[in-house]
file model23.txt (compact mmCIF, C-alpha atoms)
# COMPACT_ATOMS: atom_id res chain seq x y z
CA MET N 790 -23.50 -29.93 -3.54
CA SER N 791 -24.46 -26.44 -2.33
CA ILE N 792 -22.83 -23.41 -3.92
CA HIS N 793 -21.15 -22.72 -0.58
CA SER N 794 -19.48 -26.11 -0.37
CA GLN N 795 -18.67 -26.00 -4.10
CA ILE N 796 -16.70 -22.76 -3.55
CA VAL N 797 -14.88 -24.08 -0.48
CA THR N 798 -14.14 -27.38 -2.23
CA ASP N 799 -12.53 -25.47 -5.12
CA MET N 800 -10.43 -23.57 -2.59
CA VAL N 801 -9.37 -26.77 -0.82
CA ASN N 802 -8.58 -28.44 -4.15
CA ASN N 803 -6.26 -25.51 -4.87
CA ASN N 804 -4.47 -26.09 -1.55
CA ILE N 805 -5.88 -23.04 0.21
CA GLU N 806 -5.43 -23.79 3.90
CA PHE N 807 -5.83 -20.38 5.53
CA ILE N 808 -8.89 -18.18 5.19
CA THR N 809 -9.66 -14.91 6.90
CA THR N 810 -13.10 -13.34 6.81
CA VAL N 811 -15.15 -10.35 7.76
CA PRO N 812 -18.81 -11.28 8.21
CA CYS N 813 -21.28 -10.78 5.36
CA LYS N 814 -24.86 -12.00 5.01
CA GLN N 815 -24.38 -13.12 1.41
CA LEU N 816 -21.11 -14.92 2.18
CA GLY N 817 -22.36 -16.45 5.42
CA GLY N 818 -22.73 -19.93 3.94
CA VAL N 819 -19.21 -19.95 2.53
CA ILE N 820 -17.78 -18.63 5.79
CA GLU N 821 -19.57 -21.39 7.71
CA GLU N 822 -18.22 -24.02 5.30
CA ALA N 823 -14.70 -22.65 5.73
CA GLU N 824 -15.08 -22.65 9.51
CA ASN N 825 -16.22 -26.28 9.54
CA HIS N 826 -13.77 -27.66 6.97
CA ASN N 827 -11.05 -29.63 8.71
CA SER N 828 -8.31 -28.73 6.24
CA ILE N 829 -8.89 -24.98 6.52
CA MET N 830 -7.69 -22.72 9.30
CA HIS N 831 -10.29 -19.97 9.58
CA VAL N 832 -9.14 -16.81 11.38
CA PRO N 833 -11.78 -14.08 11.46
CA CYS N 834 -10.28 -10.59 11.30
CA ASN N 835 -11.61 -7.23 12.45
CA LYS N 836 -10.78 -5.26 9.34
CA GLU N 837 -9.89 -6.28 5.82
CA ASP N 838 -6.44 -4.69 5.73
CA GLU N 839 -5.59 -6.60 8.89
CA GLY N 840 -6.85 -9.71 7.08
CA MET N 841 -4.46 -9.06 4.20
CA GLY N 842 -1.59 -8.96 6.69
CA LEU N 843 -2.69 -12.31 8.10
CA CYS N 844 -2.94 -13.77 4.59
CA ALA N 845 0.49 -12.46 3.62
CA GLY N 846 1.97 -14.03 6.75
CA ALA N 847 0.23 -17.36 6.18
CA PHE N 848 1.47 -17.44 2.58
CA MET N 849 5.04 -16.76 3.68
CA GLY N 850 4.62 -19.50 6.27
CA GLY N 851 3.80 -21.97 3.51
CA LYS N 852 0.01 -21.96 3.50
CA ARG N 853 -1.97 -20.63 0.56
CA SER N 854 -4.46 -18.10 1.85
CA ALA N 855 -7.63 -16.28 0.80
CA ILE N 856 -9.77 -13.43 2.10
CA ILE N 857 -13.56 -13.29 2.13
CA MET N 858 -14.93 -9.76 2.38
CA GLN N 859 -17.48 -7.21 1.16
CA ASN N 860 -16.85 -4.73 -1.64
CA THR N 861 -17.69 -1.91 0.78
CA ALA N 862 -14.33 -2.56 2.44
CA LEU N 863 -12.30 -2.26 -0.73
CA GLY N 864 -11.29 1.29 0.12
CA VAL N 865 -9.60 0.36 3.39
CA THR N 866 -7.52 -2.30 1.66
CA LEU N 867 -6.01 -0.25 -1.18
CA ASN N 868 -2.74 0.56 0.57
CA SER N 869 -2.31 -3.03 1.76
CA LEU N 870 -3.02 -4.32 -1.72
CA ALA N 871 -0.47 -1.97 -3.30
CA THR N 872 2.35 -1.95 -0.74
CA LEU N 873 2.10 -5.49 0.62
CA ILE N 874 0.24 -7.91 -1.64
CA GLN N 875 1.24 -6.47 -5.02
CA PHE N 876 4.65 -5.08 -3.98
CA TYR N 877 5.87 -8.39 -2.51
CA HIS N 878 4.19 -10.52 -5.24
CA ILE N 879 1.85 -12.39 -2.92
CA PRO N 880 -1.03 -14.36 -4.45
CA LEU N 881 -4.36 -13.51 -2.83
CA PRO N 882 -7.78 -14.68 -3.97
CA MET N 883 -10.38 -12.18 -2.71
CA LEU N 884 -13.89 -13.62 -2.63
CA ILE N 885 -15.97 -10.46 -2.47
CA SER N 886 -19.65 -9.95 -1.85
CA TYR N 887 -20.72 -7.41 -4.50
CA ARG N 888 -23.29 -5.44 -2.55
CA GLY N 889 -25.19 -2.64 -4.28
CA GLU N 890 -26.07 -4.54 -7.45
CA LEU N 891 -29.49 -5.67 -8.77
CA GLY N 892 -31.67 -6.86 -5.91
CA GLU N 893 -29.96 -4.59 -3.37
CA PRO N 894 -32.42 -3.26 -0.77
CA VAL N 895 -30.07 -0.69 0.83
CA ALA N 896 -29.43 2.49 -1.18
CA CYS N 897 -26.13 3.31 0.52
CA GLN N 898 -24.61 0.02 -0.70
CA VAL N 899 -24.97 1.26 -4.27
CA GLU N 900 -22.44 4.02 -3.66
CA MET N 901 -19.49 1.64 -3.16
CA ALA N 902 -20.80 -0.68 -5.87
CA LEU N 903 -20.35 2.19 -8.32
CA HIS N 904 -16.68 2.46 -7.35
CA THR N 905 -15.89 -1.23 -6.98
CA LYS N 906 -14.89 -2.20 -10.52
CA ALA N 907 -13.30 1.20 -11.15
CA LEU N 908 -11.06 0.82 -8.09
CA LEU N 909 -10.12 -2.75 -8.96
CA ASN N 910 -9.39 -1.64 -12.51
CA GLN N 911 -7.29 1.28 -11.29
CA MET N 912 -5.34 -1.12 -9.06
CA LEU N 913 -4.75 -3.46 -12.04
CA ILE N 914 -6.37 -6.31 -10.12
CA PRO N 915 -7.71 -9.10 -12.34
CA THR N 916 -11.46 -9.12 -11.64
CA TYR N 917 -14.13 -11.75 -12.27
CA HIS N 918 -17.85 -11.16 -11.70
CA PHE N 919 -20.13 -14.08 -10.77
CA HIS N 920 -23.69 -13.13 -11.76
CA LYS N 921 -25.18 -16.50 -12.68
CA ARG N 922 -24.65 -19.75 -10.81
CA GLU N 923 -22.80 -21.30 -13.74
CA ASP N 924 -20.18 -18.52 -13.51
CA ALA N 925 -18.80 -20.29 -10.43
CA ALA N 926 -17.57 -23.08 -12.69
CA GLU N 927 -14.60 -20.78 -13.45
CA LEU N 928 -13.48 -20.53 -9.82
CA ASP N 929 -11.01 -23.40 -10.08
CA LYS N 930 -9.31 -21.76 -13.07
CA ILE N 931 -9.34 -18.35 -11.37
CA LEU N 932 -7.59 -19.79 -8.31
CA LYS N 933 -4.98 -21.56 -10.43
CA TYR N 934 -4.41 -18.28 -12.29
CA THR N 935 -3.98 -16.41 -8.97
CA PHE N 936 -1.30 -18.78 -7.72
CA MET N 937 0.36 -18.90 -11.13
CA CYS N 938 0.85 -15.12 -11.35
CA ASN N 939 1.30 -14.25 -7.62
CA LYS N 940 -1.21 -11.41 -7.72
CA PRO N 941 -4.35 -10.43 -5.85
CA VAL N 942 -7.41 -11.47 -7.85
CA ALA N 943 -10.96 -10.28 -7.12
CA ILE N 944 -14.02 -12.49 -7.48
CA LEU N 945 -17.15 -10.35 -7.21
CA THR N 946 -20.29 -12.26 -6.29
CA ASP N 947 -23.57 -10.36 -6.58
CA ALA N 948 -27.04 -10.89 -5.11
CA THR N 949 -28.38 -12.56 -8.28
CA PHE N 950 -25.58 -15.12 -8.06
CA TRP N 951 -26.33 -15.94 -4.44
CA LYS N 952 -30.07 -16.21 -5.08
CA GLY N 953 -29.29 -18.70 -7.81
CA GLU N 954 -31.47 -16.91 -10.37
CA MET X 609 17.51 4.26 25.53
CA ILE X 610 15.87 5.01 22.19
CA ARG X 611 14.50 2.39 19.76
CA SER X 612 17.80 1.85 17.95
CA ASP X 613 19.50 1.14 21.32
CA VAL X 614 16.77 -1.38 22.14
CA LEU X 615 17.22 -3.09 18.77
CA LYS X 616 20.99 -3.15 19.25
CA SER X 617 20.57 -4.82 22.64
CA LEU X 618 18.22 -7.38 21.09
CA ILE X 619 20.53 -8.50 18.27
CA PRO X 620 22.30 -11.29 20.24
CA VAL X 621 18.86 -12.65 21.19
CA ILE X 622 16.96 -12.33 17.90
CA SER X 623 19.70 -12.68 15.28
CA ASP X 624 18.88 -16.37 14.70
CA GLN X 625 15.12 -15.90 15.05
CA PHE X 626 12.48 -15.20 12.41
CA VAL X 627 11.60 -11.53 12.67
CA VAL X 628 8.95 -9.41 10.95
CA CYS X 629 9.92 -5.77 11.30
CA ASN X 630 7.76 -2.68 11.14
CA ILE X 631 7.85 -0.14 8.31
CA GLY X 632 10.28 2.75 8.23
CA LEU X 633 13.09 3.38 10.68
CA PRO X 634 12.70 0.13 12.70
CA SER X 635 13.31 -1.97 9.57
CA GLN X 636 16.11 0.33 8.42
CA GLU X 637 17.79 0.11 11.82
CA LEU X 638 17.48 -3.67 12.01
CA HIS X 639 18.78 -3.96 8.46
CA MET X 640 21.79 -1.76 9.29
CA LEU X 641 22.52 -3.53 12.60
CA ASP X 642 22.10 -7.15 11.55
CA ASP X 643 20.78 -7.98 8.09
CA GLN X 644 19.69 -11.61 7.98
CA PRO X 645 17.59 -13.72 5.57
CA THR X 646 15.44 -14.45 8.63
CA ASN X 647 14.38 -10.79 8.79
CA PHE X 648 11.30 -9.72 6.86
CA TYR X 649 11.47 -5.96 6.35
CA MET X 650 8.21 -4.16 5.75
CA LEU X 651 8.88 -1.40 3.26
CA GLY X 652 5.27 -0.22 3.33
CA THR X 653 1.90 -0.89 4.92
CA MET X 654 1.95 0.75 8.34
CA GLY X 655 0.25 -1.31 11.03
CA LEU X 656 0.44 -4.82 9.63
CA SER X 657 3.64 -6.17 11.23
CA SER X 658 1.69 -7.91 13.99
CA SER X 659 -0.86 -9.32 11.50
CA ILE X 660 1.84 -10.67 9.18
CA GLY X 661 3.61 -12.12 12.22
CA LEU X 662 0.47 -13.82 13.51
CA GLY X 663 -0.34 -15.26 10.06
CA LEU X 664 3.20 -16.64 9.92
CA ALA X 665 3.03 -18.10 13.42
CA LEU X 666 -0.32 -19.79 12.80
CA SER X 667 0.84 -21.40 9.58
CA GLN X 668 4.08 -23.11 10.61
CA LYS X 669 6.16 -24.20 13.62
CA GLN X 670 9.06 -21.76 13.99
CA THR X 671 8.89 -18.96 16.54
CA ILE X 672 7.97 -15.66 14.92
CA ILE X 673 8.84 -12.30 16.46
CA ALA X 674 6.92 -9.29 15.16
CA ILE X 675 8.55 -5.97 15.98
CA ASP X 676 5.99 -3.21 16.00
CA GLY X 677 5.67 0.32 17.30
CA ASP X 678 3.05 2.01 19.45
CA GLY X 679 1.93 4.17 16.54
CA SER X 680 1.59 1.18 14.23
CA VAL X 681 -0.36 -0.84 16.77
CA LEU X 682 -2.69 2.11 17.25
CA THR X 683 -3.18 2.19 13.46
CA ASN X 684 -4.26 -1.48 13.49
CA LEU X 685 -5.75 -1.82 16.97
CA GLY X 686 -8.05 -4.60 15.73
CA THR X 687 -4.98 -6.84 15.61
CA LEU X 688 -4.89 -7.30 19.39
CA PRO X 689 -8.26 -9.13 19.73
CA THR X 690 -7.26 -11.34 16.79
CA ILE X 691 -3.97 -12.16 18.52
CA GLY X 692 -5.71 -12.66 21.87
CA ASN X 693 -8.28 -15.05 20.43
CA ASN X 694 -6.02 -17.08 18.16
CA GLN X 695 -3.43 -18.57 20.47
CA ALA X 696 -0.13 -19.14 18.72
CA ASP X 697 2.50 -20.14 21.25
CA ASN X 698 5.22 -19.56 18.67
CA PHE X 699 4.33 -15.86 18.40
CA ILE X 700 5.94 -12.93 20.18
CA LEU X 701 4.78 -9.39 19.55
CA LEU X 702 7.29 -6.77 20.64
CA ILE X 703 5.78 -3.30 20.76
CA ILE X 704 8.56 -0.75 21.03
CA ASP X 705 6.58 2.01 22.69
CA ASN X 706 8.43 5.30 22.49
CA GLY X 707 5.24 7.33 22.64
CA SER X 708 5.83 8.80 19.22
CA TYR X 709 5.58 8.30 15.48
CA GLY X 710 9.34 8.01 15.03
CA SER X 711 9.52 7.63 11.26
CA THR X 712 7.50 10.77 10.58
CA GLY X 713 9.30 13.13 12.93
CA ASP X 714 8.48 12.03 16.47
CA GLN X 715 4.96 13.39 16.65
CA PRO X 716 3.39 12.17 19.91
CA THR X 717 1.08 9.12 19.95
CA TYR X 718 -1.79 8.58 22.38
CA ALA X 719 0.22 5.68 23.82
CA GLY X 720 2.64 8.30 25.09
CA LYS X 721 -0.25 10.11 26.75
CA LYS X 722 -3.13 8.41 28.55
CA THR X 723 -3.47 5.18 26.55
CA SER X 724 -1.80 2.03 27.91
CA LEU X 725 -1.18 -0.54 25.17
CA THR X 726 -0.33 -3.04 27.92
CA LYS X 727 -3.83 -2.74 29.35
CA VAL X 728 -5.39 -2.69 25.89
CA ALA X 729 -3.58 -5.93 24.99
CA GLU X 730 -4.70 -7.55 28.25
CA ALA X 731 -8.29 -6.40 27.72
CA CYS X 732 -8.17 -7.84 24.20
CA GLY X 733 -7.50 -11.30 25.58
CA CYS X 734 -3.72 -11.55 25.26
CA ASP X 735 -2.68 -13.77 28.17
CA ASN X 736 1.01 -12.97 28.58
CA VAL X 737 1.56 -9.25 28.36
CA ILE X 738 4.79 -7.93 29.82
CA GLU X 739 5.59 -4.25 30.07
CA CYS X 740 9.27 -3.64 30.56
CA LYS X 741 11.91 -0.95 30.68
CA ALA X 742 14.02 -0.50 27.57
CA GLU X 743 17.16 -1.88 29.23
CA ASP X 744 15.35 -5.10 30.27
CA THR X 745 13.94 -5.88 26.81
CA ALA X 746 16.66 -8.32 25.71
CA GLN X 747 16.24 -10.47 28.82
CA VAL X 748 12.43 -10.34 28.58
CA MET X 749 12.67 -11.40 24.94
CA LYS X 750 15.07 -14.21 25.81
CA ASP X 751 12.63 -15.49 28.44
CA ALA X 752 9.66 -15.14 26.06
CA ILE X 753 11.42 -17.22 23.38
CA ALA X 754 12.27 -19.90 25.96
CA SER X 755 8.74 -19.93 27.41
CA LYS X 756 7.13 -21.07 24.13
CA LYS X 757 4.03 -19.12 25.12
CA MET X 758 2.47 -16.40 23.04
CA THR X 759 3.78 -13.19 24.55
CA VAL X 760 3.18 -9.50 24.00
CA ILE X 761 6.07 -7.34 25.18
CA VAL X 762 5.54 -3.62 25.58
CA CYS X 763 8.95 -2.01 25.80
CA LYS X 764 8.81 1.54 27.13
CA CYS X 765 11.65 3.57 25.68
CA GLU X 766 12.56 7.13 24.83
CA SER X 767 11.68 8.85 21.62
CA GLY X 768 14.46 9.57 19.13
CA ASN X 769 16.10 8.48 15.91
CA ILE X 770 19.54 7.91 14.45
CA PRO X 771 20.49 8.47 10.81
CA VAL X 772 20.07 5.22 8.87
CA PRO X 773 20.25 4.38 5.18
CA ASN X 774 17.20 3.27 3.22
CA ILE X 775 16.81 -0.40 2.40
CA THR X 776 17.56 -0.81 -1.28
CA MET X 777 17.23 -4.59 -1.42
CA ASP X 778 14.48 -5.70 -3.80
CA GLN X 779 11.30 -6.50 -1.89
CA VAL X 780 10.75 -9.82 -3.64
CA VAL X 781 14.29 -10.83 -2.65
CA ILE X 782 13.46 -9.92 0.96
CA ARG X 783 10.33 -12.07 0.81
CA ASP X 784 11.94 -14.94 -1.08
CA ARG X 785 15.00 -15.36 1.12
CA PHE X 786 12.82 -15.15 4.24
CA MET X 787 10.50 -17.87 2.92
CA LYS X 788 13.42 -20.10 1.91
CA ALA X 789 15.04 -19.74 5.35
CA LEU X 790 11.72 -20.53 7.02
CA GLU X 791 11.05 -23.52 4.80
CA ALA X 792 14.54 -24.87 5.50
CA ALA X 793 14.04 -24.44 9.25
CA ASN X 794 10.76 -26.32 9.08
CA ALA X 795 12.08 -29.13 6.88
call {"tool": "encode", "arguments": {"input": "model23.txt", "output": "structure tokens"}}
result
Amino acid sequence: MSIHSQIVTDMVNNNIEFITTVPCKQLGGVIEEAENHNSIMHVPCNKEDEGMGLCAGAFMGGKRSAIIMQNTALGVTLNSLATLIQFYHIPLPMLISYRGELGEPVACQVEMALHTKALLNQMLIPTYHFHKREDAAELDKILKYTFMCNKPVAILTDATFWKGE
Amino acid sequence: MIRSDVLKSLIPVISDQFVVCNIGLPSQELHMLDDQPTNFYMLGTMGLSSSIGLGLALSQKQTIIAIDGDGSVLTNLGTLPTIGNNQADNFILLIIDNGSYGSTGDQPTYAGKKTSLTKVAEACGCDNVIECKAEDTAQVMKDAIASKKMTVIVCKCESGNIPVPNITMDQVVIRDRFMKALEAANA
């Protein structure tokens, strides 16, 4: 099983039925899996805070939801995370491409990478970092934890993870 | 008519409907006029009423009405292509367009100047966009509910506010009672 289908299978096994995404090269395989999976409704969004609104609505409508996004967008989501997702106790797995780490070819991406964990820490968002392929074995537990505690939870996935090194 | 008059006129039509209401004065006015478990009041997060409403509509069967403002839609303009491209015939977006940011002191919005949210919504792919006068909003809403077609209503009204109390209900209670009412309706 590819890492992409392994991730989507874990999501499906945790009853996630609604996924919103903003495109990302590293997450392209997962997004394609989500799009093609018949038990997932995939609704692409134009901006990540909009996506959090969609996810909050889907959750209130009875469907567990998740967002797939880049770490560069974390800044635009802070208010939505605080005043919607955290304030109303809405569970939200955030599968995040951790651009700007080892293997990154674009210098500008490093700037948000430097702030990523600090921002997540400041927001008191439980954060997991997938660096090696075997780290993904924890995804099932991370999702169960998310829906147990009704909080946003960040899963950072870096270039080394996606290359399978 | 100002926004609170429009909301008052809508109560007989939307009282038994599932409503997501925009941050600030619109939620406070709706709460004061007709508090219901079927109302989801946004106490924060400007701009996301339409997104929450669409997520709700796409994930279950009941009709969802999202009440938004021109300023909030301008804040989250990316919502309109998402609505236009993800047809949910149980979704109605009501944009109360008073040409101003009411909750912050009636500063003018661009929708009150040269920008037409009606045309923007149409250009974004929303098929049923109806611009109406404030006094016609209740009838337009009634027809939209009956049509069972995704509809965007742009209600043009005057700018202005009335004194309203803050919502002191716990936010998790607001969310929980809304979800329970929705689950019961879908059972």
call {"tool": "residues_near_point", "arguments": {"input": "model23.txt", "point": "(-0.6, 6.3, 20.0)", "cutoff": "6 Å", "atoms": "only C-alpha atoms", "output": "PDB file with C-alpha atoms, in the coordinates of the input"}}
result
ATOM      1  CA  ASP X 678       3.050   2.010  19.450  1.00  0.00           C
ATOM      2  CA  GLY X 679       1.930   4.170  16.540  1.00  0.00           C
ATOM      3  CA  LEU X 682      -2.690   2.110  17.250  1.00  0.00           C
ATOM      4  CA  THR X 717       1.080   9.120  19.950  1.00  0.00           C
ATOM      5  CA  TYR X 718      -1.790   8.580  22.380  1.00  0.00           C
ATOM      6  CA  ALA X 719       0.220   5.680  23.820  1.00  0.00           C
TER       7      ALA X 719
END
call {"tool": "residues_around", "arguments": {"input": "model23.txt", "residues": "Ala792 of chain X", "least_positions_apart": "4", "cutoff": "12 Å", "atoms": "only C-alpha atoms", "output": "tab-separated table (two decimals) with C-alpha atoms, in the frame of the given file"}}
result
chain	number	residue	atom	x	y	z
N	850	GLY	CA	4.62	-19.50	6.27
N	851	GLY	CA	3.80	-21.97	3.51
X	645	PRO	CA	17.59	-13.72	5.57
X	646	THR	CA	15.44	-14.45	8.63
X	668	GLN	CA	4.08	-23.11	10.61
X	669	LYS	CA	6.16	-24.20	13.62
X	670	GLN	CA	9.06	-21.76	13.99
X	785	ARG	CA	15.00	-15.36	1.12
X	786	PHE	CA	12.82	-15.15	4.24
X	787	MET	CA	10.50	-17.87	2.92
X	788	LYS	CA	13.42	-20.10	1.91
call {"tool": "residues_around", "arguments": {"input": "model23.txt", "residues": "Ala746 of chain X", "least_positions_apart": "5", "cutoff": "9 Å", "atoms": "all atoms listed in the file", "output": "count of residues only"}}
result
9
call {"tool": "closest_atom_pairs", "arguments": {"input": "model23.txt", "of": "segment 654-737 of chain X", "to": "segment 759-778 of chain X", "cutoff": "10 Å", "atoms": "only C-alpha atoms", "output": "Markdown table"}}
result
| residue | atom | partner | partner_atom | distance |
| --- | --- | --- | --- | --- |
| X:Ile673 | CA | X:Thr759 | CA | 9.6 |
| X:Ala674 | CA | X:Val760 | CA | 9.6 |
| X:Ile675 | CA | X:Ile761 | CA | 9.6 |
| X:Asp676 | CA | X:Val762 | CA | 9.6 |
| X:Gly677 | CA | X:Val762 | CA | 9.2 |
| X:Asp678 | CA | X:Val762 | CA | 8.7 |
| X:Leu688 | CA | X:Val760 | CA | 9.6 |
| X:Ile691 | CA | X:Val760 | CA | 9.4 |
| X:Gly692 | CA | X:Val760 | CA | 9.7 |
| X:Gln695 | CA | X:Thr759 | CA | 9.9 |
| X:Ala696 | CA | X:Thr759 | CA | 9.2 |
| X:Asp697 | CA | X:Thr759 | CA | 7.8 |
| X:Asn698 | CA | X:Thr759 | CA | 8.8 |
| X:Phe699 | CA | X:Thr759 | CA | 6.7 |
| X:Ile700 | CA | X:Thr759 | CA | 4.9 |
| X:Leu701 | CA | X:Val760 | CA | 4.7 |
| X:Leu702 | CA | X:Ile761 | CA | 4.7 |
| X:Ile703 | CA | X:Val762 | CA | 4.8 |
| X:Ile704 | CA | X:Cys763 | CA | 4.9 |
| X:Asp705 | CA | X:Lys764 | CA | 5.0 |
| X:Asn706 | CA | X:Cys765 | CA | 4.9 |
| X:Gly707 | CA | X:Ser767 | CA | 6.7 |
| X:Ser708 | CA | X:Ser767 | CA | 6.3 |
| X:Tyr709 | CA | X:Ser767 | CA | 8.7 |
| X:Gly710 | CA | X:Gly768 | CA | 6.7 |
| X:Ser711 | CA | X:Asn769 | CA | 8.1 |
| X:Gly713 | CA | X:Asn769 | CA | 8.8 |
| X:Asp714 | CA | X:Ser767 | CA | 6.8 |
| X:Gln715 | CA | X:Ser767 | CA | 9.5 |
| X:Pro716 | CA | X:Ser767 | CA | 9.1 |
| X:Gly720 | CA | X:Lys764 | CA | 9.4 |
| X:Ser724 | CA | X:Val762 | CA | 9.6 |
| X:Leu725 | CA | X:Val762 | CA | 7.4 |
| X:Thr726 | CA | X:Val762 | CA | 6.3 |
| X:Ala729 | CA | X:Val760 | CA | 7.7 |
| X:Glu730 | CA | X:Val760 | CA | 9.2 |
| X:Cys734 | CA | X:Val760 | CA | 7.3 |
| X:Asp735 | CA | X:Thr759 | CA | 7.4 |
| X:Asn736 | CA | X:Thr759 | CA | 4.9 |
| X:Val737 | CA | X:Val760 | CA | 4.7 |
call {"tool": "closest_residue", "arguments": {"input": "model23.txt", "among": "X:Ser612, X:Ser657, X:Gln625, X:Ser680", "to": "chain N", "atoms": "all atoms listed in the file"}}
result
X:Ser657
call {"tool": "closest_residue", "arguments": {"input": "model23.txt", "among": "N:His918, N:Leu932, N:Asn827, N:Asp838", "to": "Asn802 of chain N", "atoms": "all atoms listed in the file"}}
result
N:Leu932
call {"tool": "closest_residue", "arguments": {"input": "model23.txt", "among": "N:Thr872, N:Thr866, N:Ser794, N:Thr861", "to": "Glu900 of chain N", "atoms": "only C-alpha atoms"}}
result
N:Thr861
call {"tool": "atom_distance", "arguments": {"input": "model23.txt", "atom1": "atom CA of Lys721 of chain X", "atom2": "atom CA of Gly661 of chain X"}}
result
26.8 Å
call {"tool": "closest_atom_pairs", "arguments": {"input": "model23.txt", "of": "chain N", "to": "chain X", "cutoff": "8 Å", "atoms": "all atoms listed in the file", "output": "JSON lines"}}
result
{"residue": "N:Phe807", "atom": "CA", "partner": "X:Ser667", "partner_atom": "CA", "distance": 7.9}
{"residue": "N:Val832", "atom": "CA", "partner": "X:Asn694", "partner_atom": "CA", "distance": 7.5}
{"residue": "N:Pro833", "atom": "CA", "partner": "X:Thr690", "partner_atom": "CA", "distance": 7.5}
{"residue": "N:Cys834", "atom": "CA", "partner": "X:Thr690", "partner_atom": "CA", "distance": 6.3}
{"residue": "N:Asn835", "atom": "CA", "partner": "X:Gly686", "partner_atom": "CA", "distance": 5.5}
{"residue": "N:Lys836", "atom": "CA", "partner": "X:Gly686", "partner_atom": "CA", "distance": 7.0}
{"residue": "N:Asp838", "atom": "CA", "partner": "X:Leu656", "partner_atom": "CA", "distance": 7.9}
{"residue": "N:Glu839", "atom": "CA", "partner": "X:Ser659", "partner_atom": "CA", "distance": 6.0}
{"residue": "N:Gly840", "atom": "CA", "partner": "X:Ser659", "partner_atom": "CA", "distance": 7.5}
{"residue": "N:Gly842", "atom": "CA", "partner": "X:Ile660", "partner_atom": "CA", "distance": 4.6}
{"residue": "N:Leu843", "atom": "CA", "partner": "X:Gly663", "partner_atom": "CA", "distance": 4.3}
{"residue": "N:Cys844", "atom": "CA", "partner": "X:Gly663", "partner_atom": "CA", "distance": 6.2}
{"residue": "N:Ala845", "atom": "CA", "partner": "X:Ile660", "partner_atom": "CA", "distance": 6.0}
{"residue": "N:Gly846", "atom": "CA", "partner": "X:Ile660", "partner_atom": "CA", "distance": 4.1}
{"residue": "N:Ala847", "atom": "CA", "partner": "X:Gly663", "partner_atom": "CA", "distance": 4.4}
{"residue": "N:Phe848", "atom": "CA", "partner": "X:Leu664", "partner_atom": "CA", "distance": 7.6}
{"residue": "N:Met849", "atom": "CA", "partner": "X:Met787", "partner_atom": "CA", "distance": 5.6}
{"residue": "N:Gly850", "atom": "CA", "partner": "X:Leu664", "partner_atom": "CA", "distance": 4.8}
{"residue": "N:Gly851", "atom": "CA", "partner": "X:Ser667", "partner_atom": "CA", "distance": 6.8}
{"residue": "N:Lys852", "atom": "CA", "partner": "X:Ser667", "partner_atom": "CA", "distance": 6.2}
{"residue": "N:Asn868", "atom": "CA", "partner": "X:Thr653", "partner_atom": "CA", "distance": 6.5}
{"residue": "N:Ser869", "atom": "CA", "partner": "X:Thr653", "partner_atom": "CA", "distance": 5.7}
{"residue": "N:Thr872", "atom": "CA", "partner": "X:Gly652", "partner_atom": "CA", "distance": 5.3}
{"residue": "N:Leu873", "atom": "CA", "partner": "X:Thr653", "partner_atom": "CA", "distance": 6.3}
{"residue": "N:Phe876", "atom": "CA", "partner": "X:Gln779", "partner_atom": "CA", "distance": 7.1}
{"residue": "N:Tyr877", "atom": "CA", "partner": "X:Val780", "partner_atom": "CA", "distance": 5.2}
{"residue": "N:His878", "atom": "CA", "partner": "X:Val780", "partner_atom": "CA", "distance": 6.8}
call {"tool": "atom_distance", "arguments": {"input": "model23.txt", "atom1": "atom CA of Arg611 of chain X", "atom2": "atom CA of Glu743 of chain X"}}
result
10.7 Å
call {"tool": "closest_residue", "arguments": {"input": "model23.txt", "among": "N:Asn804, N:Ser854, N:Gln795, N:Ser886", "to": "Met901 of chain N", "atoms": "all atoms listed in the file"}}
result
N:Ser886
call {"tool": "atom_distance", "arguments": {"input": "model23.txt", "atom1": "atom CA of Ala943 of chain N", "atom2": "atom CA of Val681 of chain X"}}
result
27.8 Å
call {"tool": "residues_around", "arguments": {"input": "model23.txt", "residues": "Ala855 of chain N", "least_positions_apart": "4", "cutoff": "6 Å", "atoms": "all atoms listed in the file", "output": "PDB file with C-alpha atoms, in the frame of the given file"}}
result
ATOM      1  CA  ILE N 808      -8.890 -18.180   5.190  1.00  0.00           C
ATOM      2  CA  LEU N 881      -4.360 -13.510  -2.830  1.00  0.00           C
ATOM      3  CA  PRO N 882      -7.780 -14.680  -3.970  1.00  0.00           C
TER       4      PRO N 882
END
